[in-house]
>>> print(open('data_29.txt').read())   # compact mmCIF, C-alpha atoms
# COMPACT_ATOMS: atom_id res chain seq x y z
CA MET A 25 -64.25 -53.88 -53.82
CA SER A 26 -66.87 -54.70 -56.43
CA ARG A 27 -70.35 -53.22 -56.33
CA VAL A 28 -71.95 -56.38 -55.07
CA GLU A 29 -69.34 -56.73 -52.29
CA SER A 30 -69.97 -53.19 -51.22
CA GLU A 31 -73.70 -53.84 -51.26
CA LEU A 32 -73.30 -56.97 -49.16
CA ARG A 33 -71.37 -54.98 -46.60
CA GLY A 34 -74.14 -52.42 -46.59
CA LEU A 35 -76.71 -55.17 -46.23
CA ALA A 36 -75.07 -56.29 -42.99
CA SER A 37 -76.62 -53.31 -41.14
CA PHE A 38 -80.11 -54.31 -42.24
CA VAL A 39 -80.06 -58.00 -41.52
CA GLU A 40 -82.54 -59.00 -38.88
CA TRP A 41 -80.70 -61.59 -36.81
CA PRO A 42 -82.58 -63.45 -34.12
CA ASP A 43 -81.91 -61.94 -30.69
CA THR A 44 -78.83 -63.40 -29.07
CA PRO A 45 -79.96 -65.53 -26.15
CA ASP A 46 -78.18 -65.15 -22.84
CA VAL A 47 -76.28 -68.39 -22.67
CA ALA A 48 -73.82 -67.30 -19.99
CA THR A 49 -76.00 -68.34 -17.08
CA VAL A 50 -76.72 -71.79 -18.45
CA VAL A 51 -73.11 -72.34 -19.45
CA ALA A 52 -71.89 -71.24 -16.04
CA ALA A 53 -74.32 -73.60 -14.34
CA ARG A 54 -73.28 -76.49 -16.56
CA ILE A 55 -69.61 -75.91 -15.92
CA ALA A 56 -70.25 -75.73 -12.22
CA ALA A 57 -72.51 -78.78 -12.11
CA PRO A 58 -71.01 -82.17 -11.44
CA PRO A 59 -70.50 -84.02 -14.71
CA ALA A 60 -73.28 -86.40 -15.66
CA ARG A 61 -70.83 -89.23 -16.11
CA ARG A 62 -69.22 -90.14 -12.83
CA ARG A 63 -65.53 -90.54 -12.92
CA ALA A 64 -63.88 -93.64 -11.67
CA PRO A 65 -62.88 -93.45 -8.05
CA ARG A 66 -59.75 -91.47 -7.54
CA ARG A 67 -56.66 -93.62 -7.48
CA LEU A 68 -53.25 -92.76 -6.19
CA GLY A 69 -50.99 -91.13 -8.67
CA LEU A 70 -53.49 -91.28 -11.50
CA VAL A 71 -55.86 -88.55 -10.79
CA LEU A 72 -55.25 -84.90 -11.13
CA ALA A 73 -57.49 -83.35 -8.65
CA LEU A 74 -58.73 -79.94 -9.25
CA VAL A 75 -60.92 -77.45 -7.74
CA LEU A 76 -59.28 -75.82 -4.84
CA LEU A 77 -61.54 -73.05 -4.08
CA ALA A 78 -64.26 -70.94 -5.38
CA LEU A 79 -65.53 -67.58 -4.40
CA ALA A 80 -69.18 -66.92 -4.86
CA VAL A 81 -68.64 -64.14 -7.29
CA ALA A 82 -70.67 -63.59 -10.38
CA LEU A 83 -68.21 -63.18 -13.14
CA ALA A 84 -68.10 -59.83 -14.80
CA VAL A 85 -66.74 -60.31 -18.25
CA PRO A 86 -65.12 -57.24 -19.71
CA PRO A 87 -66.22 -56.96 -23.30
CA ALA A 88 -63.19 -56.90 -25.49
CA ARG A 89 -61.95 -58.44 -28.62
CA SER A 90 -60.27 -61.65 -27.92
CA ALA A 91 -56.71 -62.58 -28.31
CA ILE A 92 -54.26 -63.98 -25.93
CA LEU A 93 -52.05 -61.08 -25.27
CA ASP A 94 -49.47 -62.62 -23.14
CA TRP A 95 -48.64 -65.64 -21.18
CA LEU A 96 -45.91 -66.36 -18.80
CA GLY A 97 -45.11 -69.30 -16.73
CA ILE A 98 -43.78 -69.78 -13.30
CA GLY A 99 -42.96 -73.09 -11.67
CA SER A 100 -45.74 -75.46 -12.51
CA ALA A 101 -48.18 -72.64 -13.21
CA ARG A 102 -49.00 -71.29 -16.61
CA ILE A 103 -50.39 -67.79 -16.71
CA GLU A 104 -52.23 -66.50 -19.72
CA ARG A 105 -53.52 -63.06 -20.39
CA VAL A 106 -56.96 -63.23 -21.95
CA ASP A 107 -59.35 -60.51 -22.97
CA GLU A 108 -62.12 -62.17 -21.11
CA LEU A 109 -62.63 -65.10 -18.85
CA PRO A 110 -64.57 -68.14 -19.92
CA PRO A 111 -67.97 -68.14 -18.27
CA LEU A 112 -67.63 -70.03 -15.06
CA GLN A 113 -69.39 -70.25 -11.83
CA LEU A 114 -68.15 -71.28 -8.59
CA ILE A 115 -68.16 -74.36 -6.68
CA ALA A 116 -66.21 -74.50 -3.64
CA PRO A 117 -66.74 -77.17 -1.16
CA VAL A 118 -63.69 -77.37 1.00
CA GLU A 119 -63.76 -81.13 0.42
CA LEU A 120 -62.46 -80.54 -3.08
CA LEU A 121 -59.16 -79.45 -1.65
CA GLY A 122 -58.47 -83.07 -0.93
CA GLU A 123 -58.66 -85.25 2.11
CA PRO A 124 -58.35 -83.66 5.53
CA THR A 125 -55.31 -84.92 7.31
CA THR A 126 -52.45 -83.96 9.59
CA LEU A 127 -49.41 -82.01 8.55
CA ASP A 128 -47.12 -85.01 8.98
CA ASP A 129 -49.35 -87.28 6.97
CA ALA A 130 -49.70 -84.68 4.21
CA ARG A 131 -45.93 -84.34 3.94
CA ARG A 132 -45.54 -88.09 3.71
CA ARG A 133 -48.14 -88.41 1.00
CA ALA A 134 -47.21 -85.36 -1.05
CA GLY A 135 -44.25 -86.89 -2.87
CA PHE A 136 -42.46 -83.56 -3.12
CA PRO A 137 -40.83 -81.23 -0.60
CA VAL A 138 -43.58 -79.51 1.37
CA ALA A 139 -42.89 -76.32 3.31
CA PRO A 140 -44.47 -75.93 6.74
CA PRO A 141 -47.23 -73.36 7.35
CA PRO A 142 -45.99 -69.78 7.82
CA ARG A 143 -44.54 -69.18 11.26
CA GLY A 144 -46.32 -65.86 11.76
CA GLU A 145 -49.82 -67.21 11.19
CA ALA A 146 -51.94 -69.19 13.59
CA ALA A 147 -51.94 -72.91 12.88
CA PRO A 148 -54.13 -73.61 9.85
CA ASP A 149 -57.72 -74.65 10.45
CA GLY A 150 -57.21 -77.54 8.12
CA VAL A 151 -54.57 -79.45 6.19
CA ARG A 152 -55.70 -81.17 3.02
CA VAL A 153 -53.87 -83.48 0.71
CA VAL A 154 -54.34 -84.94 -2.73
CA ASP A 155 -51.84 -87.75 -2.88
CA GLY A 156 -48.77 -86.95 -4.89
CA ARG A 157 -50.36 -83.78 -6.20
CA ARG A 158 -51.08 -81.11 -3.72
CA VAL A 159 -50.98 -80.06 -0.13
CA SER A 160 -53.18 -77.21 1.08
CA TYR A 161 -53.33 -75.25 4.30
CA VAL A 162 -56.69 -73.63 4.90
CA TRP A 163 -57.60 -70.82 7.28
CA LEU A 164 -61.27 -70.14 7.77
CA ASP A 165 -63.23 -67.11 8.73
CA GLY A 166 -66.62 -68.57 9.68
CA ASP A 167 -67.34 -70.86 6.77
CA ARG A 168 -65.39 -68.77 4.28
CA ILE A 169 -61.83 -69.49 3.33
CA ARG A 170 -59.76 -66.56 4.53
CA LEU A 171 -56.41 -67.78 3.39
CA LEU A 172 -55.42 -70.72 1.27
CA ILE A 173 -51.86 -71.85 0.77
CA THR A 174 -51.33 -74.66 -1.69
CA GLN A 175 -48.16 -76.36 -2.76
CA VAL A 176 -47.93 -78.31 -5.99
CA PRO A 177 -44.93 -80.22 -7.34
CA GLY A 178 -42.72 -78.55 -9.92
CA LEU A 179 -43.55 -79.00 -13.56
CA LEU A 180 -40.62 -81.21 -14.46
CA GLN A 181 -41.28 -83.45 -11.56
CA ARG A 182 -44.91 -84.20 -12.19
CA GLY A 183 -46.02 -82.65 -15.41
CA THR A 184 -48.91 -80.99 -13.71
CA ILE A 185 -49.71 -77.52 -14.81
CA LEU A 186 -51.77 -75.09 -12.89
CA GLY A 187 -53.29 -72.77 -15.44
CA LYS A 188 -54.50 -69.27 -14.81
CA LEU A 189 -56.49 -67.10 -17.15
CA ILE A 190 -56.02 -63.46 -16.39
CA PRO A 191 -58.50 -60.84 -17.59
CA PRO A 192 -57.38 -57.26 -18.22
CA SER A 193 -58.71 -56.07 -14.85
CA VAL A 194 -56.04 -58.09 -13.06
CA THR A 195 -52.54 -56.75 -12.55
CA ILE A 196 -49.64 -59.16 -12.97
CA GLU A 197 -46.43 -58.28 -11.13
CA ARG A 198 -43.30 -60.33 -11.67
CA PHE A 199 -40.44 -60.15 -9.22
CA ASP A 200 -38.42 -62.47 -7.10
CA VAL A 201 -38.57 -63.51 -3.50
CA ASP A 202 -35.06 -64.18 -2.24
CA GLY A 203 -34.00 -65.43 -5.64
CA ASP A 204 -37.13 -67.47 -6.35
CA GLY A 205 -39.26 -66.32 -9.26
CA ALA A 206 -42.61 -64.95 -8.13
CA VAL A 207 -45.79 -63.53 -9.61
CA PHE A 208 -48.48 -61.56 -7.79
CA LEU A 209 -51.95 -61.32 -9.30
CA SER A 210 -54.30 -58.70 -7.92
CA GLY A 211 -57.14 -56.35 -8.73
CA GLY A 212 -59.91 -58.79 -9.58
CA PRO A 213 -60.82 -62.43 -9.95
CA HIS A 214 -58.96 -64.66 -12.35
CA ALA A 215 -59.77 -68.18 -13.48
CA VAL A 216 -57.76 -71.21 -12.45
CA TYR A 217 -57.73 -74.68 -13.94
CA LEU A 218 -55.48 -77.73 -13.85
CA LEU A 219 -53.90 -79.51 -16.74
CA GLY A 220 -52.86 -83.12 -16.73
CA PRO A 221 -49.51 -84.51 -17.86
CA SER A 222 -50.78 -84.81 -21.42
CA GLY A 223 -51.66 -81.14 -21.46
CA SER A 224 -55.37 -81.83 -21.60
CA PHE A 225 -57.88 -80.24 -19.32
CA GLU A 226 -58.44 -83.06 -16.92
CA GLU A 227 -61.25 -82.02 -14.71
CA ASP A 228 -64.55 -80.43 -15.13
CA HIS A 229 -64.26 -77.41 -12.99
CA GLY A 230 -62.35 -74.24 -12.86
CA TRP A 231 -62.58 -71.75 -10.13
CA LEU A 232 -62.17 -68.06 -9.54
CA ALA A 233 -59.40 -66.79 -7.40
CA GLY A 234 -58.66 -63.45 -5.80
CA ASN A 235 -55.26 -61.98 -4.97
CA THR A 236 -52.66 -64.67 -5.45
CA LEU A 237 -48.92 -64.99 -5.03
CA LEU A 238 -47.08 -67.75 -6.86
CA VAL A 239 -43.52 -68.57 -5.90
CA ASP A 240 -41.38 -71.16 -7.59
CA HIS A 241 -39.43 -72.59 -4.72
CA GLY A 242 -37.22 -75.59 -5.20
CA GLY A 243 -39.17 -78.61 -6.31
CA ALA A 244 -42.56 -77.06 -5.64
CA THR A 245 -44.71 -74.13 -6.60
CA LEU A 246 -46.20 -72.26 -3.70
CA ARG A 247 -49.54 -70.59 -4.16
CA ILE A 248 -50.86 -68.16 -1.58
CA GLU A 249 -54.36 -66.88 -2.08
CA GLY A 250 -56.54 -64.70 0.07
CA GLN A 251 -57.32 -61.16 1.06
CA VAL A 252 -53.68 -60.24 1.21
CA ASP A 253 -51.64 -57.58 -0.48
CA ARG A 254 -48.35 -58.32 -2.15
CA GLU A 255 -46.28 -57.39 0.88
CA ARG A 256 -48.20 -59.67 3.23
CA ALA A 257 -48.21 -62.51 0.70
CA VAL A 258 -44.44 -62.29 0.31
CA GLU A 259 -44.06 -62.21 4.08
CA LEU A 260 -46.13 -65.39 4.34
CA ALA A 261 -43.97 -67.07 1.68
CA ARG A 262 -40.80 -66.12 3.57
CA GLU A 263 -42.23 -67.42 6.82
CA MET A 264 -42.53 -70.81 5.16
CA GLY A 265 -38.91 -70.87 3.99
CA MET B 16 -68.41 -60.58 -25.73
CA HIS B 17 -68.29 -63.61 -27.97
CA GLN B 18 -71.87 -64.60 -27.42
CA ALA B 19 -73.44 -62.55 -30.20
CA ILE B 20 -70.98 -63.51 -32.92
CA ALA B 21 -70.95 -67.13 -31.78
CA PHE B 22 -74.73 -67.24 -31.86
CA ARG B 23 -74.95 -65.76 -35.34
CA ILE B 24 -72.34 -68.14 -36.69
CA ALA B 25 -74.27 -71.01 -35.13
CA PHE B 26 -77.47 -69.66 -36.66
CA VAL B 27 -75.91 -69.57 -40.13
CA ALA B 28 -74.64 -73.12 -39.70
CA ALA B 29 -77.70 -74.63 -38.02
CA GLY B 30 -80.39 -72.63 -39.78
CA ASP B 31 -82.51 -72.76 -36.67
CA ARG B 32 -82.65 -70.51 -33.65
CA GLY B 33 -83.11 -73.21 -31.02
CA ASP B 34 -80.34 -75.38 -32.43
CA ALA B 35 -78.07 -72.35 -32.65
CA GLU B 36 -78.65 -71.54 -29.00
CA GLU B 37 -77.91 -75.10 -27.91
CA ALA B 38 -74.85 -75.19 -30.14
CA VAL B 39 -73.48 -72.07 -28.45
CA GLN B 40 -74.08 -73.54 -25.00
CA ASP B 41 -72.48 -76.86 -25.86
CA GLY B 42 -69.64 -75.16 -27.68
CA PHE B 43 -68.81 -72.86 -24.76
CA VAL B 44 -68.87 -75.70 -22.27
CA LYS B 45 -66.65 -77.82 -24.52
CA ALA B 46 -64.28 -74.96 -25.10
CA PHE B 47 -63.99 -74.33 -21.40
CA ARG B 48 -63.20 -77.98 -20.76
CA ALA B 49 -60.74 -78.07 -23.62
CA LEU B 50 -58.80 -74.98 -22.58
CA GLY B 51 -55.79 -77.18 -22.00
CA ARG B 52 -55.66 -78.16 -25.65
CA PHE B 53 -55.70 -74.55 -26.70
CA ARG B 54 -52.41 -73.72 -28.36
CA ASP B 55 -50.39 -71.04 -26.60
CA GLY B 56 -50.20 -67.85 -28.55
CA ALA B 57 -52.98 -68.79 -30.97
CA PRO B 58 -55.86 -66.34 -31.26
CA PHE B 59 -58.64 -67.38 -28.94
CA ARG B 60 -61.75 -66.26 -30.80
CA PRO B 61 -61.35 -68.32 -33.99
CA TRP B 62 -60.73 -71.38 -31.85
CA LEU B 63 -63.90 -70.77 -29.87
CA LEU B 64 -65.96 -69.98 -32.98
CA GLN B 65 -64.75 -73.15 -34.65
CA ILE B 66 -65.98 -75.26 -31.76
CA VAL B 67 -69.37 -73.54 -31.78
CA ALA B 68 -69.74 -73.80 -35.58
CA ASN B 69 -68.95 -77.53 -35.45
CA GLU B 70 -71.60 -78.03 -32.83
CA ALA B 71 -74.14 -76.18 -34.93
CA ARG B 72 -73.35 -78.16 -38.09
CA ASN B 73 -73.62 -81.42 -36.18
CA ARG B 74 -77.02 -80.41 -34.90
CA ARG B 75 -78.28 -79.58 -38.34
CA ARG B 76 -76.97 -82.85 -39.75
CA SER B 77 -78.51 -84.91 -37.03
CA SER B 78 -81.84 -83.14 -37.48
CA GLY B 79 -81.72 -84.01 -41.17
CA ARG B 80 -82.77 -80.47 -41.96
CA ARG B 81 -81.59 -78.88 -45.15
CA ALA B 82 -79.37 -75.89 -44.59
CA GLY B 83 -81.20 -72.66 -45.02
CA LEU B 84 -80.71 -69.11 -43.94
CA ALA B 85 -83.94 -67.41 -43.09
CA LEU B 86 -82.84 -63.83 -42.80
CA ARG B 87 -84.92 -60.79 -43.37
CA ALA B 88 -83.96 -57.18 -43.79
CA VAL B 89 -85.26 -54.62 -41.35
CA ALA B 90 -86.48 -51.23 -42.47
CA ALA B 91 -83.83 -49.16 -40.74
CA ALA B 92 -80.15 -49.89 -40.37
CA SER B 93 -79.28 -51.32 -36.97
CA GLY B 94 -76.90 -49.73 -34.53
CA ASP B 95 -76.70 -46.25 -33.07
CA ALA B 96 -74.10 -44.97 -35.45
CA ALA B 97 -75.00 -43.32 -38.70
CA PRO B 98 -75.41 -45.89 -41.45
CA SER B 99 -72.28 -46.64 -43.42
CA PRO B 100 -72.11 -45.22 -46.97
CA GLU B 101 -72.61 -48.78 -48.22
CA ALA B 102 -75.77 -49.15 -46.13
CA ALA B 103 -77.10 -45.72 -47.04
CA ALA B 104 -76.77 -46.53 -50.73
CA LEU B 105 -79.05 -49.57 -50.52
CA SER B 106 -82.69 -49.18 -51.38
CA HIS B 107 -85.29 -51.20 -49.62
CA GLU B 108 -85.98 -53.22 -52.77
CA ARG B 109 -82.30 -53.86 -53.36
CA ARG B 110 -81.87 -55.27 -49.85
CA ASP B 111 -84.67 -57.74 -50.37
CA GLU B 112 -83.28 -58.62 -53.77
CA LEU B 113 -79.83 -59.30 -52.33
CA LEU B 114 -81.17 -61.41 -49.47
CA ALA B 115 -83.29 -63.43 -51.85
CA ALA B 116 -80.31 -63.99 -54.15
CA LEU B 117 -78.17 -65.03 -51.18
CA GLY B 118 -80.87 -67.41 -50.04
CA SER B 119 -80.93 -69.08 -53.44
CA LEU B 120 -77.22 -69.90 -53.42
CA ASP B 121 -76.07 -73.28 -52.28
CA GLU B 122 -75.05 -73.79 -48.70
CA ARG B 123 -71.29 -73.31 -49.16
CA ASP B 124 -71.59 -70.14 -51.16
CA ARG B 125 -74.17 -68.65 -48.87
CA ALA B 126 -72.18 -69.51 -45.75
CA VAL B 127 -68.93 -67.97 -46.96
CA LEU B 128 -70.65 -64.75 -48.03
CA ALA B 129 -72.64 -64.56 -44.80
CA HIS B 130 -69.45 -64.92 -42.73
CA ARG B 131 -67.33 -62.54 -44.76
CA PHE B 132 -69.87 -59.80 -45.41
CA LEU B 133 -72.91 -60.06 -43.17
CA LEU B 134 -70.91 -61.04 -40.09
CA ASP B 135 -67.87 -59.06 -41.19
CA LEU B 136 -65.42 -61.80 -40.23
CA GLY B 137 -61.88 -61.90 -41.55
CA GLU B 138 -60.56 -64.78 -43.60
CA GLU B 139 -59.00 -66.52 -40.63
CA GLU B 140 -62.15 -66.57 -38.53
CA THR B 141 -64.27 -67.50 -41.53
CA ALA B 142 -61.91 -70.40 -42.22
CA ALA B 143 -62.15 -71.52 -38.59
CA ALA B 144 -65.94 -71.31 -38.52
CA LEU B 145 -66.34 -73.15 -41.81
CA GLY B 146 -63.65 -75.69 -40.98
CA VAL B 147 -61.67 -75.01 -44.16
CA ARG B 148 -58.29 -73.54 -45.03
CA ARG B 149 -57.82 -69.85 -45.48
CA GLY B 150 -57.05 -70.30 -49.17
CA THR B 151 -60.35 -72.08 -49.57
CA VAL B 152 -62.14 -69.10 -48.05
CA LYS B 153 -60.56 -66.82 -50.67
CA SER B 154 -61.43 -69.00 -53.63
CA ARG B 155 -64.87 -69.87 -52.33
CA THR B 156 -65.66 -66.19 -51.73
CA ALA B 157 -64.66 -65.27 -55.27
CA ARG B 158 -66.78 -68.04 -56.76
CA ALA B 159 -69.73 -67.28 -54.53
CA LEU B 160 -69.64 -63.61 -55.53
CA GLU B 161 -69.66 -64.63 -59.18
CA ARG B 162 -72.68 -66.85 -58.63
CA LEU B 163 -74.42 -64.13 -56.67
CA ARG B 164 -73.90 -61.71 -59.54
CA ALA B 165 -75.18 -64.30 -61.97
CA THR B 166 -78.25 -64.84 -59.82
CA LEU B 167 -78.85 -61.10 -59.78
CA GLY B 168 -78.42 -61.04 -63.54
CA GLU B 169 -75.41 -58.77 -63.32
CA GLU B 170 -72.19 -58.83 -65.23
CA GLU B 171 -68.68 -59.21 -63.92
CA PRO B 172 -67.31 -55.93 -62.60
>>> encode(input="data_29.txt", output="structure tokens")
Amino acid sequence: MSRVESELRGLASFVEWPDTPDVATVVAARIAAPPARRRAPRRLGLVLALVLLALAVALAVPPARSAILDWLGIGSARIERVDELPPLQLIAPVELLGEPTTLDDARRRAGFPVAPPPRGEAAPDGVRVVDGRRVSYVWLDGDRIRLLITQVPGLLQRGTILGKLIPPSVTIERFDVDGDGAVFLSGGPHAVYLLGPSGSFEEDHGWLAGNTLLVDHGGATLRIEGQVDRERAVELAREMG
Amino acid sequence: MHQAIAFRIAFVAAGDRGDAEEAVQDGFVKAFRALGRFRDGAPFRPWLLQIVANEARNRRRSSGRRAGLALRAVAAASGDAAPSPEAAALSHERRDELLAALGSLDERDRAVLAHRFLLDLGEEETAAALGVRRGTVKSRTARALERLRATLGEEEP
């Protein structure tokens, strides 16, 4: 290194940079806010709906250098290890899960094989459907979502990808449930987003999810999220088989 | 956290604190919404920094402001750690001299030196932030160092 290079490196410690503003709060609010431009009304088969759920958790971002360390996919979900989550705040109106409907109607409109709710649980408090895209069973505890089970069509069938960004605080376990590939995510919140068939990020919101089991079962990917441990989540998946 | 490095890169590109802050906000929101276009396996930080730097450059262009880098040197080295040998060797006068020389370089030269040395970025991240190829970062750095030496009235090493 030449003298001047070495001096420039030394100079770095003396440079008076303006204080870094805290942009996280503003960015989080903007991501959570409805987009200024209203989207066209949702039409069958065209729209990739998104936001399933959000937990009112302020996002703790572990400081770390950033590289994607790992990603793995299962069913129509793509799972990426990241050093930190993008800043995001939560929105969670249950309405975003899709239209409330009956189980029979949801199965008719799903366009892919939909498993019934788990036998061992009480009947869900709600069934929601986004035509051709997603069927969700919701169990409430007061006005909080206690358990959310969502089924999305397999990747090859629809081209939809459910993306998950996993910070280091979250443990990823891979195993199989009766021959179906499965992943259990636990230990902290992770971020979830949906990709459209073109691979672009199609909607304006992501959300934070807690413990989640993903199972690739037949033509659909099953997603079970709630305050459940791995054993209970697997049990729920089996009760749907 | 990427905020500090993103903000400083935006500050170098925009030359204005307020614009830099807005560029970081816009860049982060855009990056979040564009996560789906992010290439699997590619390093995340350069991608993010590139988006922020673009935002900052656009802001400066639309303001019609000439690029400038108003940096000053503080009296004591920042950080809790003991100053590096390079820092310890710099006199107060020499710091001011170097900053003044940097400030007199043209925008490209100043930017590449600021990224490589003041922000301590590698070639890949510098290339991403400046929107050029890695090879260009190498050649531009070498030329900018020559011009800096010339400005300081110093000979080639």
>>> closest_residue(input="data_29.txt", among="A:Ile248, A:Lys188, A:Arg133, A:Val138", to="chain B", atoms="all atoms listed in the file")
A:Lys188
>>> closest_residue(input="data_29.txt", among="B:Leu64, B:Ala28, B:Val39, B:Leu133", to="chain A", atoms="only C-alpha atoms")
B:Leu133
>>> closest_residue(input="data_29.txt", among="B:Arg109, B:Arg125, B:Arg131, B:Arg87", to="chain A", atoms="all atoms listed in the file")
B:Arg87
>>> closest_residue(input="data_29.txt", among="A:Leu246, A:Val216, A:Ala147, A:Val201", to="chain B", atoms="all atoms listed in the file")
A:Val216
>>> atom_distance(input="data_29.txt", atom1="atom CA of A:Leu209", atom2="atom CA of A:Ala130")
27.1 Å
>>> closest_residue(input="data_29.txt", among="A:Ser160, A:Val39, A:Leu189, A:Met25", to="chain B", atoms="only C-alpha atoms")
A:Val39
>>> atom_distance(input="data_29.txt", atom1="atom CA of A:Phe38", atom2="atom CA of B:Leu120")
19.4 Å
>>> residues_around(input="data_29.txt", residues="stretch 73-75 of chain B", least_positions_apart="5", cutoff="10 Å", atoms="only C-alpha atoms", output="list of chain:residue names")
B:Ala25, B:Ala28, B:Ala29, B:Gly30, B:Asp31, B:Asp34, B:Ala35, B:Glu37, B:Ala38, B:Val67, B:Ala68, B:Arg80, B:Arg81, B:Ala82
>>> write_last_selection(input="data_29.txt", atoms="C-alpha atoms", output="mmCIF file, in the frame of the given file")
data_model
loop_
_atom_site.group_PDB
_atom_site.id
_atom_site.type_symbol
_atom_site.label_atom_id
_atom_site.label_comp_id
_atom_site.auth_asym_id
_atom_site.auth_seq_id
_atom_site.Cartn_x
_atom_site.Cartn_y
_atom_site.Cartn_z
ATOM 1 C CA ALA B 25 -74.270 -71.010 -35.130
ATOM 2 C CA ALA B 28 -74.640 -73.120 -39.700
ATOM 3 C CA ALA B 29 -77.700 -74.630 -38.020
ATOM 4 C CA GLY B 30 -80.390 -72.630 -39.780
ATOM 5 C CA ASP B 31 -82.510 -72.760 -36.670
ATOM 6 C CA ASP B 34 -80.340 -75.380 -32.430
ATOM 7 C CA ALA B 35 -78.070 -72.350 -32.650
ATOM 8 C CA GLU B 37 -77.910 -75.100 -27.910
ATOM 9 C CA ALA B 38 -74.850 -75.190 -30.140
ATOM 10 C CA VAL B 67 -69.370 -73.540 -31.780
ATOM 11 C CA ALA B 68 -69.740 -73.800 -35.580
ATOM 12 C CA ARG B 80 -82.770 -80.470 -41.960
ATOM 13 C CA ARG B 81 -81.590 -78.880 -45.150
ATOM 14 C CA ALA B 82 -79.370 -75.890 -44.590
#
>>> closest_residue(input="data_29.txt", among="A:Val154, A:Val239, A:Val207, A:Ala215", to="chain B", atoms="all atoms listed in the file")
A:Ala215
>>> atom_distance(input="data_29.txt", atom1="atom CA of A:Pro141", atom2="atom CA of A:His241")
14.4 Å
>>> residues_around(input="data_29.txt", residues="B:Arg158", least_positions_apart="6", cutoff="10 Å", atoms="all atoms listed in the file", output="PyMOL selection string")
chain B and resi 124+152+164
>>> residues_around(input="data_29.txt", residues="B:Pro61", least_positions_apart="4", cutoff="10 Å", atoms="only C-alpha atoms", output="ChimeraX atom specification")
/A:90-91 /B:21,57,65-67,136-137,139-144
>>> residues_around(input="data_29.txt", residues="B:Ala126", least_positions_apart="2", cutoff="9 Å", atoms="all atoms listed in the file", output="PyMOL selection string")
chain B and resi 27-28+84+121-124+128-131+145
>>> axis_aligned_box(input="data_29.txt", around="stretch 32-39 of chain B", padding_each_side="3 Å", output="AutoDock Vina command-line options")
--center_x -78.3 --center_y -72.9 --center_z -30.8 --size_x 15.6 --size_y 10.9 --size_z 11.7
